[in-house]
$ cat my_file37.pdb   # PDB, C-alpha atoms and all ligand atoms
MODEL        1
ATOM      1  CA  MET A   1      29.913  32.391 -19.827
ATOM      2  CA  LEU A   2      26.859  34.058 -18.378
ATOM      3  CA  ALA A   3      24.721  32.860 -21.247
ATOM      4  CA  ALA A   4      25.851  29.345 -20.617
ATOM      5  CA  MET A   5      24.871  29.642 -16.947
ATOM      6  CA  LEU A   6      21.378  30.715 -17.889
ATOM      7  CA  VAL A   7      20.702  27.696 -20.009
ATOM      8  CA  PRO A   8      19.838  24.888 -17.647
ATOM      9  CA  CYS A   9      21.619  21.658 -18.324
ATOM     10  CA  ALA A  10      23.587  23.271 -21.145
ATOM     11  CA  ARG A  11      26.828  22.004 -19.662
ATOM     12  CA  ALA A  12      26.567  19.771 -16.719
ATOM     13  CA  ALA A  13      28.953  19.448 -13.801
ATOM     14  CA  ASP A  14      30.277  16.338 -12.134
ATOM     15  CA  LEU A  15      30.894  15.702  -8.461
ATOM     16  CA  ARG A  16      33.391  13.171  -7.198
ATOM     17  CA  ALA A  17      33.007  12.109  -3.575
ATOM     18  CA  THR A  18      35.675  10.208  -1.663
ATOM     19  CA  VAL A  19      34.973   8.488   1.661
ATOM     20  CA  HIS A  20      37.497   6.989   4.091
ATOM     21  CA  ASP A  21      37.320   5.539   7.562
ATOM     22  CA  ALA A  22      39.349   6.940  10.452
ATOM     23  CA  GLN A  23      42.172   4.501   9.653
ATOM     24  CA  GLY A  24      42.440   5.950   6.150
ATOM     25  CA  ARG A  25      40.895   2.960   4.425
ATOM     26  CA  PRO A  26      38.560   3.612   1.514
ATOM     27  CA  LEU A  27      34.942   3.032   2.467
ATOM     28  CA  GLY A  28      32.597   1.254   0.081
ATOM     29  CA  ASP A  29      28.795   1.075   0.365
ATOM     30  CA  ALA A  30      28.513   4.764   1.307
ATOM     31  CA  VAL A  31      25.598   6.529  -0.364
ATOM     32  CA  VAL A  32      26.287  10.091  -1.515
ATOM     33  CA  ILE A  33      23.119  12.165  -1.949
ATOM     34  CA  VAL A  34      23.150  15.465  -3.845
ATOM     35  CA  VAL A  35      20.135  17.713  -3.210
ATOM     36  CA  PRO A  36      19.509  20.955  -5.125
ATOM     37  CA  GLN A  37      19.273  23.976  -2.779
ATOM     38  CA  GLY A  38      16.453  26.459  -2.732
ATOM     39  CA  ALA A  39      13.729  26.262  -5.317
ATOM     40  CA  ALA A  40      14.496  22.826  -6.614
ATOM     41  CA  PRO A  41      13.692  22.175 -10.217
ATOM     42  CA  PRO A  42      10.838  19.720 -10.387
ATOM     43  CA  SER A  43      12.479  16.448  -9.574
ATOM     44  CA  PRO A  44      11.973  13.956 -12.347
ATOM     45  CA  ARG A  45       9.775  11.143 -11.128
ATOM     46  CA  ALA A  46      11.709   8.004 -10.598
ATOM     47  CA  ARG A  47      11.909   6.516 -14.032
ATOM     48  CA  ALA A  48       9.586   3.562 -14.076
ATOM     49  CA  ARG A  49      12.559   1.404 -13.334
ATOM     50  CA  LEU A  50      12.826  -1.937 -11.714
ATOM     51  CA  GLU A  51      15.865  -2.441  -9.538
ATOM     52  CA  GLN A  52      16.819  -5.591  -7.685
ATOM     53  CA  VAL A  53      18.444  -6.845  -4.521
ATOM     54  CA  GLU A  54      19.452 -10.487  -4.923
ATOM     55  CA  GLN A  55      20.069 -13.118  -2.328
ATOM     56  CA  ILE A  56      23.278 -14.954  -3.160
ATOM     57  CA  ASP A  57      25.073 -17.380  -0.825
ATOM     58  CA  LEU A  58      22.808 -16.282   2.014
ATOM     59  CA  GLU A  59      23.663 -12.602   1.726
ATOM     60  CA  PHE A  60      21.889  -9.594   0.233
ATOM     61  CA  VAL A  61      23.629  -8.400  -2.928
ATOM     62  CA  PRO A  62      24.328  -5.544  -2.991
ATOM     63  CA  HIS A  63      24.648  -4.998   0.752
ATOM     64  CA  VAL A  64      23.600  -1.345   0.262
ATOM     65  CA  LYS A  65      21.308  -0.350  -2.586
ATOM     66  CA  ALA A  66      20.454   3.296  -3.297
ATOM     67  CA  ILE A  67      17.313   4.114  -5.278
ATOM     68  CA  GLN A  68      15.194   7.178  -5.957
ATOM     69  CA  ALA A  69      11.887   7.388  -4.122
ATOM     70  CA  GLY A  70       9.182   5.776  -6.224
ATOM     71  CA  THR A  71      11.382   2.971  -7.530
ATOM     72  CA  ALA A  72      10.235  -0.648  -7.467
ATOM     73  CA  VAL A  73      12.651  -3.335  -6.283
ATOM     74  CA  SER A  74      12.428  -7.070  -6.805
ATOM     75  CA  PHE A  75      14.176  -9.560  -4.532
ATOM     76  CA  PRO A  76      15.302 -12.553  -6.604
ATOM     77  CA  ASN A  77      16.440 -15.528  -4.560
ATOM     78  CA  ARG A  78      19.459 -17.132  -6.270
ATOM     79  CA  ASP A  79      19.966 -19.671  -3.473
ATOM     80  CA  GLY A  80      18.706 -23.212  -3.287
ATOM     81  CA  VAL A  81      16.964 -22.515   0.014
ATOM     82  CA  ARG A  82      13.961 -20.371   0.825
ATOM     83  CA  HIS A  83      14.236 -16.823   2.159
ATOM     84  CA  HIS A  84      11.675 -14.728   3.994
ATOM     85  CA  VAL A  85      12.606 -11.117   3.396
ATOM     86  CA  TYR A  86      11.113  -8.372   5.527
ATOM     87  CA  SER A  87      11.590  -4.876   6.895
ATOM     88  CA  PHE A  88      10.202  -3.140   9.951
ATOM     89  CA  SER A  89      11.698   0.237   8.995
ATOM     90  CA  PRO A  90       9.271   3.187   9.167
ATOM     91  CA  ALA A  91      10.148   4.209   5.578
ATOM     92  CA  LYS A  92       8.831   0.864   4.321
ATOM     93  CA  ARG A  93       7.368  -2.089   6.158
ATOM     94  CA  PHE A  94       6.953  -5.153   4.028
ATOM     95  CA  GLU A  95       7.215  -8.899   4.079
ATOM     96  CA  LEU A  96       7.861 -11.467   1.353
ATOM     97  CA  PRO A  97       6.889 -14.794   2.938
ATOM     98  CA  LEU A  98       9.083 -17.834   2.307
ATOM     99  CA  TYR A  99       9.936 -18.065  -1.362
ATOM    100  CA  VAL A 100      12.255 -19.429  -3.958
ATOM    101  CA  GLY A 101      12.887 -17.715  -7.279
ATOM    102  CA  THR A 102      11.591 -14.172  -7.759
ATOM    103  CA  PRO A 103       8.432 -13.000  -5.972
ATOM    104  CA  ALA A 104       5.855 -11.913  -8.532
ATOM    105  CA  GLN A 105       5.288  -8.432  -7.119
ATOM    106  CA  PRO A 106       8.198  -6.027  -6.700
ATOM    107  CA  VAL A 107       8.130  -3.724  -3.672
ATOM    108  CA  VAL A 108       7.685   0.016  -4.332
ATOM    109  CA  PHE A 109       9.703   2.331  -2.083
ATOM    110  CA  ASP A 110       7.956   5.691  -2.205
ATOM    111  CA  GLN A 111       9.100   7.276   1.044
ATOM    112  CA  PRO A 112      12.657   8.617   1.430
ATOM    113  CA  GLY A 113      14.693   7.091   4.224
ATOM    114  CA  VAL A 114      16.727   4.051   5.179
ATOM    115  CA  VAL A 115      15.061   0.655   4.930
ATOM    116  CA  THR A 116      16.860  -2.149   6.746
ATOM    117  CA  ILE A 117      16.066  -5.547   5.309
ATOM    118  CA  GLY A 118      16.481  -8.932   6.928
ATOM    119  CA  CYS A 119      15.520 -12.578   6.518
ATOM    120  CA  ASN A 120      13.403 -14.404   9.060
ATOM    121  CA  ILE A 121      15.250 -17.663   8.445
ATOM    122  CA  HIS A 122      18.861 -16.476   8.284
ATOM    123  CA  ASP A 123      19.206 -13.875  10.963
ATOM    124  CA  TRP A 124      22.712 -12.763   9.955
ATOM    125  CA  MET A 125      21.369 -11.576   6.617
ATOM    126  CA  VAL A 126      21.129  -7.807   6.688
ATOM    127  CA  GLY A 127      20.964  -5.318   3.853
ATOM    128  CA  TYR A 128      19.966  -1.705   3.339
ATOM    129  CA  ILE A 129      17.925   0.167   0.790
ATOM    130  CA  TYR A 130      18.564   3.903   0.842
ATOM    131  CA  VAL A 131      15.560   5.674  -0.658
ATOM    132  CA  SER A 132      16.763   9.050  -1.936
ATOM    133  CA  PRO A 133      14.489  12.097  -2.214
ATOM    134  CA  SER A 134      16.792  13.395  -4.968
ATOM    135  CA  PRO A 135      17.467  11.875  -8.377
ATOM    136  CA  HIS A 136      21.185  12.635  -7.883
ATOM    137  CA  PHE A 137      23.001   9.989  -5.856
ATOM    138  CA  ALA A 138      25.652   7.288  -6.119
ATOM    139  CA  THR A 139      27.196   4.611  -3.924
ATOM    140  CA  THR A 140      30.940   4.330  -3.313
ATOM    141  CA  GLY A 141      32.717   1.268  -4.599
ATOM    142  CA  ALA A 142      35.462  -0.608  -2.773
ATOM    143  CA  GLU A 143      37.889   2.178  -3.742
ATOM    144  CA  GLY A 144      35.786   4.624  -1.698
ATOM    145  CA  THR A 145      34.720   6.949  -4.506
ATOM    146  CA  ALA A 146      31.429   7.779  -6.152
ATOM    147  CA  LEU A 147      30.872   9.939  -9.217
ATOM    148  CA  ILE A 148      27.634  11.857  -9.630
ATOM    149  CA  ALA A 149      27.705  13.020 -13.218
ATOM    150  CA  GLY A 150      25.526  15.404 -15.196
ATOM    151  CA  LEU A 151      24.489  17.850 -12.469
ATOM    152  CA  PRO A 152      23.002  21.134 -13.716
ATOM    153  CA  ALA A 153      25.068  24.133 -12.547
ATOM    154  CA  GLY A 154      23.767  25.436  -9.244
ATOM    155  CA  ARG A 155      23.929  25.131  -5.473
ATOM    156  CA  TYR A 156      23.579  21.807  -3.738
ATOM    157  CA  THR A 157      23.794  20.209  -0.362
ATOM    158  CA  VAL A 158      25.668  16.935  -0.361
ATOM    159  CA  ARG A 159      25.470  14.351   2.387
ATOM    160  CA  VAL A 160      26.611  10.802   2.997
ATOM    161  CA  TRP A 161      24.920   7.811   4.564
ATOM    162  CA  HIS A 162      26.564   4.541   5.566
ATOM    163  CA  PRO A 163      25.190   1.748   7.770
ATOM    164  CA  ARG A 164      28.023   2.199  10.266
ATOM    165  CA  LEU A 165      27.870   5.994  10.665
ATOM    166  CA  THR A 166      28.010   7.067  14.303
ATOM    167  CA  SER A 167      26.128  10.315  13.633
ATOM    168  CA  ASP A 168      22.998  11.325  11.798
ATOM    169  CA  GLU A 169      23.547  11.602   8.063
ATOM    170  CA  HIS A 170      22.558  15.283   8.183
ATOM    171  CA  ALA A 171      25.677  15.962  10.265
ATOM    172  CA  THR A 172      27.680  15.034   7.149
ATOM    173  CA  GLU A 173      26.127  17.790   5.045
ATOM    174  CA  ARG A 174      28.266  20.051   2.881
ATOM    175  CA  ARG A 175      27.240  22.869   0.618
ATOM    176  CA  VAL A 176      28.729  23.181  -2.797
ATOM    177  CA  GLU A 177      28.218  25.446  -5.758
ATOM    178  CA  LEU A 178      28.803  23.820  -9.100
ATOM    179  CA  GLY A 179      29.679  25.799 -12.174
ATOM    180  CA  ALA A 180      29.009  24.586 -15.649
ATOM    181  CA  ALA A 181      31.313  21.892 -16.951
ATOM    182  CA  ALA A 182      33.166  21.714 -13.644
ATOM    183  CA  LEU A 183      34.421  18.761 -11.654
ATOM    184  CA  ALA A 184      34.021  19.253  -7.920
ATOM    185  CA  GLU A 185      35.676  16.975  -5.393
ATOM    186  CA  LEU A 186      34.534  16.445  -1.834
ATOM    187  CA  GLY A 187      35.956  14.121   0.786
ATOM    188  CA  TRP A 188      34.713  12.687   4.087
ATOM    189  CA  VAL A 189      36.388  10.744   6.883
ATOM    190  CA  PHE A 190      34.189   8.833   9.319
ATOM    191  CA  VAL A 191      34.680   7.092  12.617
ATOM    192  CA  LEU A 192      32.528   3.995  12.230
ATOM    193  CA  LYS A 193      30.583   1.729  14.516
ATOM    194  CA  PRO A 194      31.898  -1.823  14.608
ATOM    195  CA  GLU A 195      30.188  -4.143  12.184
ATOM    196  CA  ALA A 196      27.011  -5.317  13.910
ATOM    197  CA  ARG A 197      26.260  -8.606  12.253
ATOM    198  CA  VAL A 198      24.758 -11.259  14.487
ATOM    199  CA  ARG A 199      26.893 -13.970  13.015
ATOM    200  CA  ARG A 200      28.555 -14.736   9.756
ATOM    201  CA  ALA A 201      26.986 -16.689   6.999
ATOM    202  CA  PRO A 202      28.380 -20.197   6.747
ATOM    203  CA  ALA A 203      30.652 -20.963   3.823
ATOM    204  CA  PRO A 204      28.604 -21.126   0.611
ATOM    205  CA  GLY A 205      29.342 -24.833   0.201
ATOM    206  CA  ARG A 206      27.407 -25.522   3.383
ATOM    207  CA  ALA A 207      24.376 -23.486   2.358
ATOM    208  CA  GLY A 208      22.292 -26.605   1.747
ATOM    209  CA  ARG A 209      22.191 -27.302   5.463
ATOM    210  CA  TYR A 210      20.050 -24.267   6.175
TER     211      TYR A 210
HETATM  212 CU    CU B 301      17.149 -16.260   4.218
ENDMDL
END
$ encode --input "my_file37.pdb" --output "structure tokens" --more "lines below"
Ligand SMILES: [Cu+2]
Amino acid sequence: MLAAMLVPCARAADLRATVHDAQGRPLGDAVVIVVPQGAAPPSPRARARLEQVEQIDLEFVPHVKAIQAGTAVSFPNRDGVRHHVYSFSPAKRFELPLYVGTPAQPVVFDQPGVVTIGCNIHDWMVGYIYVSPSPHFATTGAEGTALIAGLPAGRYTVRVWHPRLTSDEHATERRVELGAAALAELGWVFVLKPEARVRRAPAPGRAGRY
């Protein structure tokens, strides 16, 4: 057993996170971030990956996108109308002036933090890019669970971010020690802010009017 523990990555552990709201409903779009404690092994640079956040039926898809710091994201517009995507968030200010199709240059997110994105034309459009300092993260699906697989045995802090959290994400922190080839389960229950959308998107069939 001890020998196995001394060989990094020999047998990885998995972490399953479950998130519910105060009414007991599973919560999707929650980002679970797993950060190695202490002397972190050198974090692999974000693979030179290109991720995307689409605009479909006048909404950002996905509504919450988690990436590792250093990742580039493109913003393909799948609608028949122009969008003007921007963010004023300190972690990344950018602007993609009115466009159709896919802007030529993806946006690189190199600073960890939450980046709120909007559209100048359709002010109900809101989305979030969570830029993780750690390569280990996942987003919960509609069933409220996220699996972070392949974690080297060791100690971690685990925290959760969601756009409707009422507290700072660091207040959600838990510490966990993962053995080799183990499955750890952690659960959170959150009281949430009401959904703060300015107004709903019109039905997709009416999109041509905007
Ligand atoms: Cu728009």
$ residues_around --input "my_file37.pdb" --residues "Asn77 (chain A)" --least-positions-apart "4" --cutoff "8 Å" --atoms "all atoms listed in the file" --output "tab-separated table (two decimals) with C-alpha atoms, in the coordinates of the input"
chain	number	residue	atom	x	y	z
A	54	GLU	CA	19.45	-10.49	-4.92
A	55	GLN	CA	20.07	-13.12	-2.33
A	56	ILE	CA	23.28	-14.95	-3.16
A	82	ARG	CA	13.96	-20.37	0.82
A	83	HIS	CA	14.24	-16.82	2.16
A	99	TYR	CA	9.94	-18.07	-1.36
A	100	VAL	CA	12.26	-19.43	-3.96
A	101	GLY	CA	12.89	-17.72	-7.28
A	102	THR	CA	11.59	-14.17	-7.76
$ residues_near_ligand --input "my_file37.pdb" --ligand "ligand CU 301 (chain B)" --cutoff "7 Å" --atoms "only C-alpha atoms and all ligand atoms" --output "list in words"
Leu58, Arg82, His83, His84, Val85, Cys119, Asn120, Ile121, His122 and Met125 of chain A
$ residues_near_point --input "my_file37.pdb" --point "(27.3, 13.8, -13.8)" --cutoff "7 Å" --atoms "all atoms listed in the file" --output "MDAnalysis selection string"
chainID A and resid 12:15 147:151
$ write_last_selection --input "my_file37.pdb" --atoms "C-alpha atoms" --output "PDB file, keeping the file's coordinate frame"
ATOM      1  CA  ALA A  12      26.567  19.771 -16.719  1.00  0.00           C
ATOM      2  CA  ALA A  13      28.953  19.448 -13.801  1.00  0.00           C
ATOM      3  CA  ASP A  14      30.277  16.338 -12.134  1.00  0.00           C
ATOM      4  CA  LEU A  15      30.894  15.702  -8.461  1.00  0.00           C
ATOM      5  CA  LEU A 147      30.872   9.939  -9.217  1.00  0.00           C
ATOM      6  CA  ILE A 148      27.634  11.857  -9.630  1.00  0.00           C
ATOM      7  CA  ALA A 149      27.705  13.020 -13.218  1.00  0.00           C
ATOM      8  CA  GLY A 150      25.526  15.404 -15.196  1.00  0.00           C
ATOM      9  CA  LEU A 151      24.489  17.850 -12.469  1.00  0.00           C
TER      10      LEU A 151
END
$ closest_residue --input "my_file37.pdb" --among "A:Asp57, A:Asp168, A:Glu177, A:Glu51" --to "Ile129 (chain A)" --atoms "all atoms listed in the file"
A:Glu51
$ atom_distance --input "my_file37.pdb" --atom1 "CA of Val107 (chain A)" --atom2 "CA of Ser74 (chain A)"
6.3 Å
$ resolve_selection --input "my_file37.pdb" --expression "the PyMOL selection byres (((chain A and resi 164) around 6) and not hetatm)" --output "PDB file with C-alpha atoms, in the frame of the given file"
ATOM      1  CA  HIS A 162      26.564   4.541   5.566  1.00  0.00           C
ATOM      2  CA  PRO A 163      25.190   1.748   7.770  1.00  0.00           C
ATOM      3  CA  LEU A 165      27.870   5.994  10.665  1.00  0.00           C
ATOM      4  CA  LEU A 192      32.528   3.995  12.230  1.00  0.00           C
ATOM      5  CA  LYS A 193      30.583   1.729  14.516  1.00  0.00           C
TER       6      LYS A 193
END
$ closest_residue --input "my_file37.pdb" --among "A:Arg78, A:His170, A:Arg11, A:Arg175" --to "Ala153 (chain A)" --atoms "only C-alpha atoms"
A:Arg11
$ resolve_selection --input "my_file37.pdb" --expression "the PyMOL selection byres (((chain A and resi 70) around 12) and not hetatm)" --output "count of residues only"
32
$ atom_distance --input "my_file37.pdb" --atom1 "CA of Thr116 (chain A)" --atom2 "CA of Tyr86 (chain A)"
8.6 Å
$ resolve_selection --input "my_file37.pdb" --expression "the PyMOL selection byres (((chain A and resi 87) around 7) and not hetatm)" --output "list in words"
Tyr86, Phe88, Ser89, Lys92, Arg93, Phe94, Glu95, Val115, Thr116, Ile117 and Gly118 of chain A
$ write_last_selection --input "my_file37.pdb" --atoms "C-alpha atoms" --output "tab-separated table (two decimals), in the coordinates of the input"
chain	number	residue	atom	x	y	z
A	86	TYR	CA	11.11	-8.37	5.53
A	88	PHE	CA	10.20	-3.14	9.95
A	89	SER	CA	11.70	0.24	8.99
A	92	LYS	CA	8.83	0.86	4.32
A	93	ARG	CA	7.37	-2.09	6.16
A	94	PHE	CA	6.95	-5.15	4.03
A	95	GLU	CA	7.22	-8.90	4.08
A	115	VAL	CA	15.06	0.66	4.93
A	116	THR	CA	16.86	-2.15	6.75
A	117	ILE	CA	16.07	-5.55	5.31
A	118	GLY	CA	16.48	-8.93	6.93
$ axis_aligned_box --input "my_file37.pdb" --around "region 135-147 of chain A" --padding-each-side "5 Å" --output "AutoDock Vina command-line options"
--center_x 27.7 --center_y 6.0 --center_z -5.5 --size_x 30.4 --size_y 23.2 --size_z 17.5
$ atom_distance --input "my_file37.pdb" --atom1 "CA of Arg25 (chain A)" --atom2 "CA of Thr166 (chain A)"
16.7 Å
$ closest_residue --input "my_file37.pdb" --among "A:Gln37, A:Thr140, A:Gln52, A:Thr145" --to "Pro103 (chain A)" --atoms "all atoms listed in the file"
A:Gln52
$ decode --input "my_file37.pdb" --residues "region 21-75 of chain A" --atoms "C-alpha atoms" --output "compact mmCIF listing (two decimals), in the first residue's frame"
# COMPACT_ATOMS: atom_id res chain seq x y z
CA ASP A 21 -30.59 24.08 -3.26
CA ALA A 22 -32.31 24.70 0.07
CA GLN A 23 -35.51 23.13 -1.29
CA GLY A 24 -33.63 19.90 -1.99
CA ARG A 25 -33.59 20.33 -5.75
CA PRO A 26 -30.46 19.30 -7.62
CA LEU A 27 -28.46 22.30 -8.76
CA GLY A 28 -26.91 22.36 -12.21
CA ASP A 29 -24.30 24.85 -13.48
CA ALA A 30 -22.31 24.69 -10.22
CA VAL A 31 -18.56 24.62 -10.76
CA VAL A 32 -16.61 22.34 -8.41
CA ILE A 33 -12.93 23.28 -8.12
CA VAL A 34 -10.39 20.88 -6.60
CA VAL A 35 -7.10 22.50 -5.54
CA PRO A 36 -4.09 20.49 -4.30
CA GLN A 37 -3.02 21.56 -0.78
CA GLY A 38 0.47 22.55 0.20
CA ALA A 39 3.29 22.23 -2.27
CA ALA A 40 1.21 21.76 -5.36
CA PRO A 41 2.71 19.67 -8.09
CA PRO A 42 3.46 21.91 -11.03
CA SER A 43 0.09 22.49 -12.55
CA PRO A 44 0.01 21.38 -16.15
CA ARG A 45 -0.41 24.38 -18.39
CA ALA A 46 -3.83 24.54 -19.86
CA ARG A 47 -3.61 22.23 -22.80
CA ALA A 48 -3.58 24.39 -25.88
CA ARG A 49 -7.27 23.82 -26.14
CA LEU A 50 -9.96 25.84 -27.74
CA GLU A 51 -13.26 25.86 -25.92
CA GLN A 52 -16.43 27.60 -27.01
CA VAL A 53 -19.47 29.41 -25.71
CA GLU A 54 -22.17 29.54 -28.39
CA GLN A 55 -25.05 31.90 -28.79
CA ILE A 56 -28.18 29.91 -29.58
CA ASP A 57 -31.72 31.32 -29.57
CA LEU A 58 -30.43 34.49 -27.94
CA GLU A 59 -28.85 32.74 -24.98
CA PHE A 60 -25.28 31.79 -24.08
CA VAL A 61 -24.76 28.03 -24.29
CA PRO A 62 -23.61 26.77 -21.90
CA HIS A 63 -24.86 29.28 -19.33
CA VAL A 64 -21.82 28.49 -17.14
CA LYS A 65 -18.55 27.38 -18.70
CA ALA A 66 -15.57 26.31 -16.57
CA ILE A 67 -12.08 26.41 -18.07
CA GLN A 68 -8.52 26.27 -16.80
CA ALA A 69 -6.61 29.54 -16.75
CA GLY A 70 -4.79 29.97 -20.05
CA THR A 71 -7.56 28.48 -22.17
CA ALA A 72 -8.81 30.22 -25.31
CA VAL A 73 -12.56 30.47 -25.92
CA SER A 74 -14.35 31.26 -29.15
CA PHE A 75 -17.88 32.66 -29.24
